[in-house]
$ cat structure.txt   # compact mmCIF, C-alpha atoms
# COMPACT_ATOMS: atom_id res chain seq x y z
CA MET A 1 49.99 226.43 73.00
CA GLN A 2 52.64 227.34 75.55
CA PRO A 3 55.75 229.04 74.13
CA LEU A 4 59.20 227.85 75.08
CA HIS A 5 60.97 229.66 77.86
CA PRO A 6 63.07 232.42 76.21
CA GLU A 7 66.42 230.76 76.85
CA ASN A 8 65.17 227.57 75.17
CA ARG A 9 64.08 229.27 71.97
CA ILE A 10 66.28 228.79 68.91
CA SER A 11 67.76 232.02 67.64
CA PRO A 12 68.44 232.00 63.89
CA ASP A 13 71.91 233.34 64.74
CA LEU A 14 72.58 230.24 66.86
CA ALA A 15 71.14 227.68 64.43
CA PRO A 16 73.69 225.16 63.14
CA ALA A 17 75.45 225.69 59.84
CA LEU A 18 73.85 222.94 57.77
CA GLY A 19 75.17 221.67 54.48
CA PRO A 20 72.98 221.05 51.43
CA GLY A 21 70.66 218.08 51.75
CA LEU A 22 67.22 216.82 52.68
CA TYR A 23 66.67 216.70 56.44
CA ILE A 24 63.82 214.36 57.43
CA VAL A 25 62.60 215.76 60.76
CA ALA A 26 60.23 214.03 63.18
CA THR A 27 57.93 216.44 65.03
CA PRO A 28 55.69 215.98 68.11
CA ILE A 29 52.48 213.96 67.79
CA GLY A 30 50.88 216.11 70.49
CA ASN A 31 53.12 217.19 73.33
CA LEU A 32 55.46 219.93 72.11
CA GLY A 33 57.94 218.92 74.80
CA ASP A 34 58.75 215.88 72.66
CA LEU A 35 60.50 217.99 70.02
CA SER A 36 64.17 217.13 70.38
CA PRO A 37 66.78 219.91 70.66
CA ARG A 38 68.42 218.59 67.49
CA ALA A 39 65.11 218.71 65.58
CA ALA A 40 64.49 222.28 66.76
CA ALA A 41 67.99 223.36 65.74
CA VAL A 42 67.67 221.79 62.29
CA LEU A 43 64.26 223.35 61.65
CA ALA A 44 65.67 226.75 62.59
CA GLY A 45 68.76 226.25 60.45
CA VAL A 46 67.41 225.08 57.10
CA ALA A 47 66.74 227.35 54.15
CA LEU A 48 63.31 225.85 53.41
CA ILE A 49 60.79 223.52 55.04
CA ALA A 50 58.62 221.21 52.95
CA ALA A 51 55.51 220.99 55.14
CA GLU A 52 52.33 218.93 54.87
CA ASP A 53 50.35 221.93 56.17
CA SER A 54 52.25 225.18 56.59
CA ARG A 55 49.72 226.43 59.15
CA VAL A 56 50.51 223.51 61.47
CA THR A 57 54.26 223.85 61.01
CA ALA A 58 54.05 227.62 61.53
CA LYS A 59 52.79 226.96 65.08
CA LEU A 60 55.75 224.69 65.71
CA LEU A 61 58.18 227.29 64.38
CA HIS A 62 56.56 229.93 66.58
CA HIS A 63 57.03 227.57 69.54
CA ILE A 64 60.81 227.47 68.96
CA GLY A 65 61.05 231.12 67.96
CA ALA A 66 62.14 230.51 64.36
CA ARG A 67 61.07 231.96 61.02
CA VAL A 68 61.80 229.79 57.99
CA PRO A 69 60.23 229.86 54.49
CA MET A 70 57.87 226.95 53.83
CA LEU A 71 56.57 225.15 50.77
CA ALA A 72 53.52 222.85 50.83
CA TYR A 73 54.28 219.22 50.07
CA HIS A 74 51.44 216.70 50.46
CA ASP A 75 49.32 214.06 48.69
CA HIS A 76 48.19 216.47 46.00
CA SER A 77 51.60 217.97 45.16
CA ASP A 78 52.63 217.37 41.57
CA ASP A 79 55.96 216.18 40.17
CA LYS A 80 57.16 219.76 39.56
CA VAL A 81 56.98 220.53 43.28
CA ARG A 82 59.03 217.42 44.06
CA GLN A 83 61.58 218.23 41.36
CA ASN A 84 61.92 221.76 42.72
CA LEU A 85 62.56 220.45 46.23
CA VAL A 86 65.18 217.99 44.99
CA ALA A 87 66.95 220.76 43.04
CA ARG A 88 66.99 223.04 46.07
CA ALA A 89 68.24 220.27 48.37
CA LEU A 90 71.22 219.81 46.06
CA ARG A 91 72.38 223.36 46.79
CA GLU A 92 70.96 224.20 50.25
CA PRO A 93 69.50 222.53 53.37
CA VAL A 94 65.81 221.60 53.05
CA ALA A 95 63.72 220.01 55.82
CA LEU A 96 60.80 217.63 55.30
CA VAL A 97 58.12 217.49 58.02
CA SER A 98 54.62 216.08 58.33
CA ASP A 99 51.87 217.58 60.47
CA ALA A 100 52.83 215.30 63.34
CA GLY A 101 55.25 212.46 63.95
CA THR A 102 57.80 210.93 61.62
CA PRO A 103 57.59 211.88 57.93
CA LEU A 104 56.96 209.07 55.41
CA ILE A 105 54.83 207.08 57.90
CA SER A 106 51.49 207.02 56.08
CA ASP A 107 52.27 210.11 54.00
CA PRO A 108 53.72 210.73 50.51
CA GLY A 109 57.21 211.71 51.64
CA TYR A 110 58.84 208.53 50.37
CA LYS A 111 58.57 209.76 46.79
CA LEU A 112 60.59 212.84 47.65
CA VAL A 113 63.23 210.79 49.46
CA ARG A 114 63.34 208.32 46.56
CA ASP A 115 63.92 211.07 44.00
CA ALA A 116 66.39 212.87 46.24
CA ARG A 117 68.42 209.68 46.66
CA ALA A 118 68.42 209.09 42.91
CA ALA A 119 69.68 212.65 42.35
CA GLY A 120 72.53 212.25 44.83
CA VAL A 121 71.09 214.52 47.52
CA ASN A 122 72.62 214.14 50.98
CA LEU A 123 69.92 212.55 53.17
CA VAL A 124 69.81 213.09 56.94
CA THR A 125 67.18 211.72 59.34
CA ILE A 126 66.35 213.38 62.64
CA PRO A 127 64.33 210.66 64.40
CA GLY A 128 61.69 211.24 67.01
CA PRO A 129 57.99 210.71 67.77
CA CYS A 130 55.87 208.21 65.82
CA ALA A 131 52.24 207.49 66.74
CA ALA A 132 52.40 203.88 65.53
CA VAL A 133 55.37 203.01 67.72
CA ALA A 134 54.01 204.99 70.68
CA ALA A 135 50.72 203.05 70.54
CA LEU A 136 52.56 199.76 70.20
CA THR A 137 54.56 200.41 73.35
CA LEU A 138 51.35 201.05 75.31
CA SER A 139 49.42 198.08 73.95
CA GLY A 140 50.93 195.20 75.90
CA LEU A 141 50.79 193.17 72.68
CA PRO A 142 53.81 191.33 71.20
CA THR A 143 56.39 193.76 69.84
CA ASP A 144 58.97 191.31 68.48
CA ARG A 145 57.16 191.30 65.14
CA PHE A 146 54.61 193.86 63.96
CA LEU A 147 53.16 195.20 60.71
CA PHE A 148 52.15 198.81 60.15
CA ALA A 149 49.24 198.79 57.68
CA GLY A 150 48.32 202.49 57.57
CA PHE A 151 44.66 203.36 56.97
CA LEU A 152 42.11 200.79 55.82
CA PRO A 153 40.15 201.68 52.65
CA ALA A 154 36.96 203.64 53.23
CA LYS A 155 34.69 201.50 51.03
CA ALA A 156 33.39 198.29 52.60
CA GLY A 157 34.41 195.95 49.77
CA ALA A 158 37.96 197.24 49.48
CA ARG A 159 38.25 197.29 53.26
CA ALA A 160 37.20 193.62 53.53
CA THR A 161 39.76 192.68 50.87
CA ALA A 162 42.52 194.54 52.71
CA ILE A 163 41.60 192.88 56.00
CA ALA A 164 41.61 189.42 54.36
CA GLU A 165 45.18 190.08 53.22
CA LEU A 166 46.17 190.82 56.83
CA ALA A 167 44.40 187.83 58.39
CA GLY A 168 47.21 185.29 58.05
CA ILE A 169 50.06 187.57 59.10
CA LYS A 170 51.58 186.28 62.34
CA ALA A 171 52.40 189.66 63.81
CA THR A 172 50.81 192.43 65.82
CA LEU A 173 48.95 194.73 63.44
CA VAL A 174 49.10 198.53 63.72
CA LEU A 175 46.63 200.73 61.85
CA TYR A 176 45.60 204.38 61.80
CA GLU A 177 41.95 205.39 61.78
CA SER A 178 39.70 208.44 62.11
CA GLY A 179 37.05 208.81 64.77
CA PRO A 180 33.96 208.72 62.51
CA ARG A 181 35.15 205.49 60.84
CA LEU A 182 36.49 203.73 63.93
CA ALA A 183 33.45 201.64 64.94
CA ALA A 184 32.81 200.38 61.39
CA SER A 185 36.47 199.51 60.92
CA LEU A 186 36.61 197.63 64.23
CA ALA A 187 33.49 195.64 63.32
CA ALA A 188 34.97 194.77 59.91
CA LEU A 189 38.25 193.76 61.55
CA ALA A 190 36.41 191.49 64.00
CA GLN A 191 34.60 189.84 61.12
CA GLY A 192 37.67 189.43 58.94
CA LEU A 193 40.30 188.57 61.56
CA GLY A 194 38.24 186.93 64.29
CA ASP A 195 37.54 188.56 67.64
CA ARG A 196 41.16 189.22 68.59
CA PRO A 197 42.41 191.31 71.52
CA ALA A 198 43.09 194.90 70.50
CA VAL A 199 43.97 198.28 71.98
CA ILE A 200 42.81 201.72 70.86
CA GLY A 201 45.33 204.53 71.38
CA ARG A 202 43.82 208.00 71.08
CA GLU A 203 45.27 211.49 71.42
CA LEU A 204 48.63 210.03 72.43
CA THR A 205 50.90 212.39 74.45
CA LYS A 206 48.08 214.95 74.66
CA ARG A 207 45.98 216.04 77.63
CA PHE A 208 43.16 213.57 76.95
CA GLU A 209 45.35 210.59 76.02
CA GLU A 210 43.43 207.32 76.09
CA SER A 211 44.47 203.68 75.76
CA VAL A 212 41.54 201.24 75.82
CA ALA A 213 41.89 197.45 75.60
CA GLY A 214 39.28 194.85 74.68
CA SER A 215 38.27 192.45 71.97
CA LEU A 216 37.63 193.90 68.52
CA SER A 217 33.87 193.35 68.89
CA GLU A 218 33.81 194.93 72.36
CA LEU A 219 35.68 197.97 71.12
CA ALA A 220 33.42 198.23 68.06
CA ALA A 221 30.37 198.32 70.35
CA ARG A 222 32.00 200.86 72.66
CA TYR A 223 32.81 203.33 69.91
CA ALA A 224 29.54 202.77 68.01
CA GLU A 225 27.80 204.68 70.79
CA ALA A 226 29.81 207.82 70.13
CA ALA A 227 32.57 208.43 67.62
CA PRO A 228 35.72 209.57 69.42
CA ARG A 229 37.68 212.65 68.49
CA GLY A 230 41.37 212.96 67.80
CA GLU A 231 44.11 210.89 66.22
CA ILE A 232 43.61 207.14 66.64
CA VAL A 233 45.88 204.09 66.42
CA ILE A 234 44.54 200.51 66.47
CA THR A 235 46.85 197.72 67.62
CA ILE A 236 45.65 194.14 67.14
CA ALA A 237 47.05 190.90 68.56
CA PRO A 238 48.54 188.30 66.19
CA PRO A 239 46.38 185.31 65.23
CA GLY A 240 46.25 182.49 67.78
CA GLU A 241 47.94 179.20 67.12
CA SER A 242 45.80 176.91 64.99
CA PRO A 243 45.48 173.26 66.07
CA PRO A 244 47.60 170.92 63.92
CA ALA A 245 45.81 169.40 60.96
CA ASP A 246 44.63 165.82 61.50
CA ALA A 247 45.48 162.98 59.13
CA ALA A 248 42.26 163.25 57.14
CA THR A 249 42.68 167.02 56.67
CA LEU A 250 46.30 166.55 55.57
CA ASP A 251 45.39 163.84 53.06
CA ALA A 252 42.56 165.91 51.60
CA ALA A 253 44.78 168.95 51.22
CA LEU A 254 47.57 166.95 49.60
CA LEU A 255 45.28 165.14 47.16
CA ALA A 256 43.80 168.46 46.06
CA ALA A 257 47.22 170.02 45.63
CA LEU A 258 48.73 167.00 43.85
CA ALA A 259 45.93 167.04 41.30
CA ASP A 260 47.50 169.96 39.42
CA ALA A 261 50.96 170.52 40.96
CA SER A 262 54.26 168.72 41.37
CA VAL A 263 55.05 166.96 44.62
CA LYS A 264 57.50 169.73 45.56
CA SER A 265 54.98 172.51 44.94
CA ALA A 266 52.15 170.61 46.62
CA VAL A 267 54.23 169.91 49.72
CA ALA A 268 55.30 173.56 50.00
CA ALA A 269 51.72 174.82 49.71
CA VAL A 270 50.22 172.30 52.15
CA SER A 271 53.01 172.74 54.68
CA ALA A 272 52.46 176.50 54.67
CA ALA A 273 48.68 176.13 54.93
CA THR A 274 48.65 173.57 57.75
CA GLY A 275 51.75 174.57 59.67
CA LEU A 276 53.00 170.99 59.60
CA PRO A 277 56.72 170.27 59.09
CA ARG A 278 57.66 169.97 55.43
CA ALA A 279 59.37 166.60 56.00
CA GLN A 280 56.16 165.15 57.45
CA VAL A 281 54.06 166.49 54.58
CA TYR A 282 56.58 165.24 52.00
CA SER A 283 56.59 161.73 53.47
CA ARG A 284 52.80 161.61 53.39
CA ALA A 285 52.70 162.95 49.81
CA LEU A 286 55.00 160.14 48.63
CA ALA A 287 52.83 157.58 50.39
CA LEU A 288 49.71 158.91 48.70
CA LYS A 289 51.44 158.85 45.31
CA ARG A 290 52.42 155.20 45.86
CA ASP A 291 48.91 154.25 46.96
CA ASN A 292 47.39 155.94 43.91
CA ALA A 293 49.87 154.23 41.58
CA ALA A 294 49.12 150.80 43.05
CA SER A 295 45.36 151.17 42.81

$ encode --input "structure.txt" --output "structure tokens"
Amino acid sequence: MQPLHPENRISPDLAPALGPGLYIVATPIGNLGDLSPRAAAVLAGVALIAAEDSRVTAKLLHHIGARVPMLAYHDHSDDKVRQNLVARALREPVALVSDAGTPLISDPGYKLVRDARAAGVNLVTIPGPCAAVAALTLSGLPTDRFLFAGFLPAKAGARATAIAELAGIKATLVLYESGPRLAASLAALAQGLGDRPAVIGRELTKRFEESVAGSLSELAARYAEAAPRGEIVITIAPPGESPPADAATLDAALLAALADASVKSAVAAVSAATGLPRAQVYSRALALKRDNAAS
């Protein structure tokens, strides 16, 4: 890890005078050059840093030439730790960092922010790197609408259920994954979503950065040969447009829905399922009701 040039290091004497509050600080996802000057100044100027892993954050502090007390805050921290951090943030500046990237993105930081907000703590965000957004920008997939879904469950049954919940979402999907689980997750995604285009982002901003595109099944086969190392982001294309339902399909769906629902509810459900305009579905529902009444 290369240290900063001496004139770029943050001297504690030159750190900003920060008021009490919780400072949510984004840190590099790999390349230390991505740490913003503002983030470095805030980290050097707070009274305490709540860190996911103090050993990781200690390297970052060494990089900017700062020494700041740290307290571990992670998935296994209990309520007392959170209450202590909130109390301290009411009277002095406290920073929240994750090991890499933007805090709260797939980590437990939201609970601390929630409690701090409820207690009236001043909240300040220092934005910066985020692996999910970085991977999305490299993917070449639609970015006007996307869903970050975090990590898939490890167990096959729970993973299949989670994937089924994502299948109908008309947006680019962004997930995190580990190297040893990548091939199995890609295969499960191909089975549950269909063989959509996808891109694997690995070790983003680092020396061995990799961005590999292919179908989900192609990527599953590629990584089944050897599990990759490093931090991994999966981006997956939205579902393709389904062909419009034909008349027979529409009638069958409406008759099934009308059997135990009102016309309004049946029309809403069938319109959503088929993608057909609600007015068209409503007109056909009324016609079917009339035909059934006359027979």

$ residues_around --input "structure.txt" --residues "Arg159 (chain A)" --least-positions-apart "4" --cutoff "12 Å" --atoms "only C-alpha atoms" --output "PyMOL selection string"
chain A and resi 149+151-155+163-166+181+184-189+191-192

$ closest_residue --input "structure.txt" --among "A:Ile236, A:Ala213, A:Pro28, A:Gly128" --to "Ala167 (chain A)" --atoms "all atoms listed in the file"
A:Ile236

$ closest_residue --input "structure.txt" --among "A:Glu52, A:Ile126, A:Ala119, A:Phe146" --to "Asp107 (chain A)" --atoms "only C-alpha atoms"
A:Glu52

$ residues_around --input "structure.txt" --residues "Pro238 (chain A)" --least-positions-apart "5" --cutoff "9 Å" --atoms "only C-alpha atoms" --output "PyMOL selection string"
chain A and resi 141-142+146+167-173+196-197

$ residues_around --input "structure.txt" --residues "Lys59 (chain A)" --least-positions-apart "2" --cutoff "12 Å" --atoms "all atoms listed in the file" --output "PDB file with C-alpha atoms, in the frame of the given file"
ATOM      1  CA  MET A   1      49.990 226.430  73.000  1.00  0.00           C
ATOM      2  CA  GLN A   2      52.640 227.340  75.550  1.00  0.00           C
ATOM      3  CA  PRO A   3      55.750 229.040  74.130  1.00  0.00           C
ATOM      4  CA  LEU A   4      59.200 227.850  75.080  1.00  0.00           C
ATOM      5  CA  THR A  27      57.930 216.440  65.030  1.00  0.00           C
ATOM      6  CA  PRO A  28      55.690 215.980  68.110  1.00  0.00           C
ATOM      7  CA  LEU A  32      55.460 219.930  72.110  1.00  0.00           C
ATOM      8  CA  ALA A  51      55.510 220.990  55.140  1.00  0.00           C
ATOM      9  CA  ASP A  53      50.350 221.930  56.170  1.00  0.00           C
ATOM     10  CA  SER A  54      52.250 225.180  56.590  1.00  0.00           C
ATOM     11  CA  ARG A  55      49.720 226.430  59.150  1.00  0.00           C
ATOM     12  CA  VAL A  56      50.510 223.510  61.470  1.00  0.00           C
ATOM     13  CA  THR A  57      54.260 223.850  61.010  1.00  0.00           C
ATOM     14  CA  LEU A  61      58.180 227.290  64.380  1.00  0.00           C
ATOM     15  CA  HIS A  62      56.560 229.930  66.580  1.00  0.00           C
ATOM     16  CA  HIS A  63      57.030 227.570  69.540  1.00  0.00           C
ATOM     17  CA  ILE A  64      60.810 227.470  68.960  1.00  0.00           C
ATOM     18  CA  GLY A  65      61.050 231.120  67.960  1.00  0.00           C
ATOM     19  CA  ALA A  66      62.140 230.510  64.360  1.00  0.00           C
ATOM     20  CA  ARG A  67      61.070 231.960  61.020  1.00  0.00           C
ATOM     21  CA  VAL A  68      61.800 229.790  57.990  1.00  0.00           C
ATOM     22  CA  ASP A  99      51.870 217.580  60.470  1.00  0.00           C
ATOM     23  CA  ALA A 100      52.830 215.300  63.340  1.00  0.00           C
TER      24      ALA A 100
END

$ atom_distance --input "structure.txt" --atom1 "CA of Asp246 (chain A)" --atom2 "CA of Ala190 (chain A)"
27.1 Å

$ atom_distance --input "structure.txt" --atom1 "CA of Ser77 (chain A)" --atom2 "CA of Val121 (chain A)"
19.9 Å

$ residues_around --input "structure.txt" --residues "Val281 (chain A)" --least-positions-apart "2" --cutoff "10 Å" --atoms "only C-alpha atoms" --output "PyMOL selection string"
chain A and resi 250-251+254+266-271+274-279+283-287

$ atom_distance --input "structure.txt" --atom1 "CA of Val233 (chain A)" --atom2 "CA of Val199 (chain A)"
8.3 Å

$ residues_around --input "structure.txt" --residues "Gly30 (chain A)" --least-positions-apart "3" --cutoff "8 Å" --atoms "only C-alpha atoms" --output "PyMOL selection string"
chain A and resi 100+203-206

$ residues_near_point --input "structure.txt" --point "(60.0, 210.2, 57.6)" --cutoff "10 Å" --atoms "only C-alpha atoms" --output "list in words"
Tyr23, Ile24, Val25, Ala26, Thr27, Leu96, Val97, Ser98, Gly101, Thr102, Pro103, Leu104, Ile105, Ser106, Asp107, Pro108, Gly109, Tyr110, Val113, Thr125, Ile126, Pro127, Gly128 and Cys130 of chain A

$ write_last_selection --input "structure.txt" --atoms "C-alpha atoms" --output "compact mmCIF listing (two decimals), in the coordinates of the input"
# COMPACT_ATOMS: atom_id res chain seq x y z
CA TYR A 23 66.67 216.70 56.44
CA ILE A 24 63.82 214.36 57.43
CA VAL A 25 62.60 215.76 60.76
CA ALA A 26 60.23 214.03 63.18
CA THR A 27 57.93 216.44 65.03
CA LEU A 96 60.80 217.63 55.30
CA VAL A 97 58.12 217.49 58.02
CA SER A 98 54.62 216.08 58.33
CA GLY A 101 55.25 212.46 63.95
CA THR A 102 57.80 210.93 61.62
CA PRO A 103 57.59 211.88 57.93
CA LEU A 104 56.96 209.07 55.41
CA ILE A 105 54.83 207.08 57.90
CA SER A 106 51.49 207.02 56.08
CA ASP A 107 52.27 210.11 54.00
CA PRO A 108 53.72 210.73 50.51
CA GLY A 109 57.21 211.71 51.64
CA TYR A 110 58.84 208.53 50.37
CA VAL A 113 63.23 210.79 49.46
CA THR A 125 67.18 211.72 59.34
CA ILE A 126 66.35 213.38 62.64
CA PRO A 127 64.33 210.66 64.40
CA GLY A 128 61.69 211.24 67.01
CA CYS A 130 55.87 208.21 65.82

$ build_atoms --input "structure.txt" --residues "region 260-279 of chain A" --atoms "N, CA and C atoms" --output "PDB file, in the frame of the given file"
ATOM      1  N   ASP A 260      47.038 169.067  40.497  1.00  0.00           N
ATOM      2  CA  ASP A 260      47.500 169.960  39.420  1.00  0.00           C
ATOM      3  C   ASP A 260      48.842 170.613  39.757  1.00  0.00           C
ATOM      4  N   ALA A 261      49.646 169.968  40.624  1.00  0.00           N
ATOM      5  CA  ALA A 261      50.960 170.520  40.960  1.00  0.00           C
ATOM      6  C   ALA A 261      51.948 169.394  41.192  1.00  0.00           C
ATOM      7  N   SER A 262      53.213 169.702  41.084  1.00  0.00           N
ATOM      8  CA  SER A 262      54.260 168.720  41.370  1.00  0.00           C
ATOM      9  C   SER A 262      54.283 168.414  42.860  1.00  0.00           C
ATOM     10  N   VAL A 263      54.941 167.323  43.206  1.00  0.00           N
ATOM     11  CA  VAL A 263      55.050 166.960  44.620  1.00  0.00           C
ATOM     12  C   VAL A 263      55.707 168.094  45.407  1.00  0.00           C
ATOM     13  N   LYS A 264      56.784 168.662  44.868  1.00  0.00           N
ATOM     14  CA  LYS A 264      57.500 169.730  45.560  1.00  0.00           C
ATOM     15  C   LYS A 264      56.595 170.933  45.823  1.00  0.00           C
ATOM     16  N   SER A 265      55.860 171.360  44.794  1.00  0.00           N
ATOM     17  CA  SER A 265      54.980 172.510  44.940  1.00  0.00           C
ATOM     18  C   SER A 265      53.818 172.210  45.884  1.00  0.00           C
ATOM     19  N   ALA A 266      53.264 170.991  45.768  1.00  0.00           N
ATOM     20  CA  ALA A 266      52.150 170.610  46.620  1.00  0.00           C
ATOM     21  C   ALA A 266      52.566 170.560  48.088  1.00  0.00           C
ATOM     22  N   VAL A 267      53.732 170.001  48.341  1.00  0.00           N
ATOM     23  CA  VAL A 267      54.230 169.910  49.720  1.00  0.00           C
ATOM     24  C   VAL A 267      54.455 171.301  50.299  1.00  0.00           C
ATOM     25  N   ALA A 268      55.054 172.202  49.520  1.00  0.00           N
ATOM     26  CA  ALA A 268      55.300 173.560  50.000  1.00  0.00           C
ATOM     27  C   ALA A 268      53.994 174.261  50.355  1.00  0.00           C
ATOM     28  N   ALA A 269      53.001 174.138  49.485  1.00  0.00           N
ATOM     29  CA  ALA A 269      51.720 174.820  49.710  1.00  0.00           C
ATOM     30  C   ALA A 269      50.993 174.246  50.926  1.00  0.00           C
ATOM     31  N   VAL A 270      50.957 172.929  51.045  1.00  0.00           N
ATOM     32  CA  VAL A 270      50.220 172.300  52.150  1.00  0.00           C
ATOM     33  C   VAL A 270      50.938 172.517  53.475  1.00  0.00           C
ATOM     34  N   SER A 271      52.254 172.476  53.456  1.00  0.00           N
ATOM     35  CA  SER A 271      53.010 172.740  54.680  1.00  0.00           C
ATOM     36  C   SER A 271      52.745 174.145  55.196  1.00  0.00           C
ATOM     37  N   ALA A 272      52.723 175.105  54.277  1.00  0.00           N
ATOM     38  CA  ALA A 272      52.460 176.500  54.670  1.00  0.00           C
ATOM     39  C   ALA A 272      51.034 176.662  55.190  1.00  0.00           C
ATOM     40  N   ALA A 273      50.080 175.981  54.555  1.00  0.00           N
ATOM     41  CA  ALA A 273      48.680 176.130  54.930  1.00  0.00           C
ATOM     42  C   ALA A 273      48.347 175.463  56.261  1.00  0.00           C
ATOM     43  N   THR A 274      48.984 174.322  56.533  1.00  0.00           N
ATOM     44  CA  THR A 274      48.650 173.570  57.750  1.00  0.00           C
ATOM     45  C   THR A 274      49.590 173.829  58.908  1.00  0.00           C
ATOM     46  N   GLY A 275      50.757 174.366  58.616  1.00  0.00           N
ATOM     47  CA  GLY A 275      51.750 174.570  59.670  1.00  0.00           C
ATOM     48  C   GLY A 275      52.503 173.326  60.047  1.00  0.00           C
ATOM     49  N   LEU A 276      52.298 172.244  59.317  1.00  0.00           N
ATOM     50  CA  LEU A 276      53.000 170.990  59.600  1.00  0.00           C
ATOM     51  C   LEU A 276      54.398 171.019  59.002  1.00  0.00           C
ATOM     52  N   PRO A 277      55.362 170.307  59.627  1.00  0.00           N
ATOM     53  CA  PRO A 277      56.720 170.270  59.090  1.00  0.00           C
ATOM     54  C   PRO A 277      56.748 169.748  57.659  1.00  0.00           C
ATOM     55  N   ARG A 278      57.593 170.350  56.835  1.00  0.00           N
ATOM     56  CA  ARG A 278      57.660 169.970  55.430  1.00  0.00           C
ATOM     57  C   ARG A 278      58.048 168.511  55.259  1.00  0.00           C
ATOM     58  N   ALA A 279      58.939 167.999  56.118  1.00  0.00           N
ATOM     59  CA  ALA A 279      59.370 166.600  56.000  1.00  0.00           C
ATOM     60  C   ALA A 279      58.196 165.653  56.214  1.00  0.00           C
TER      61      ALA A 279
END
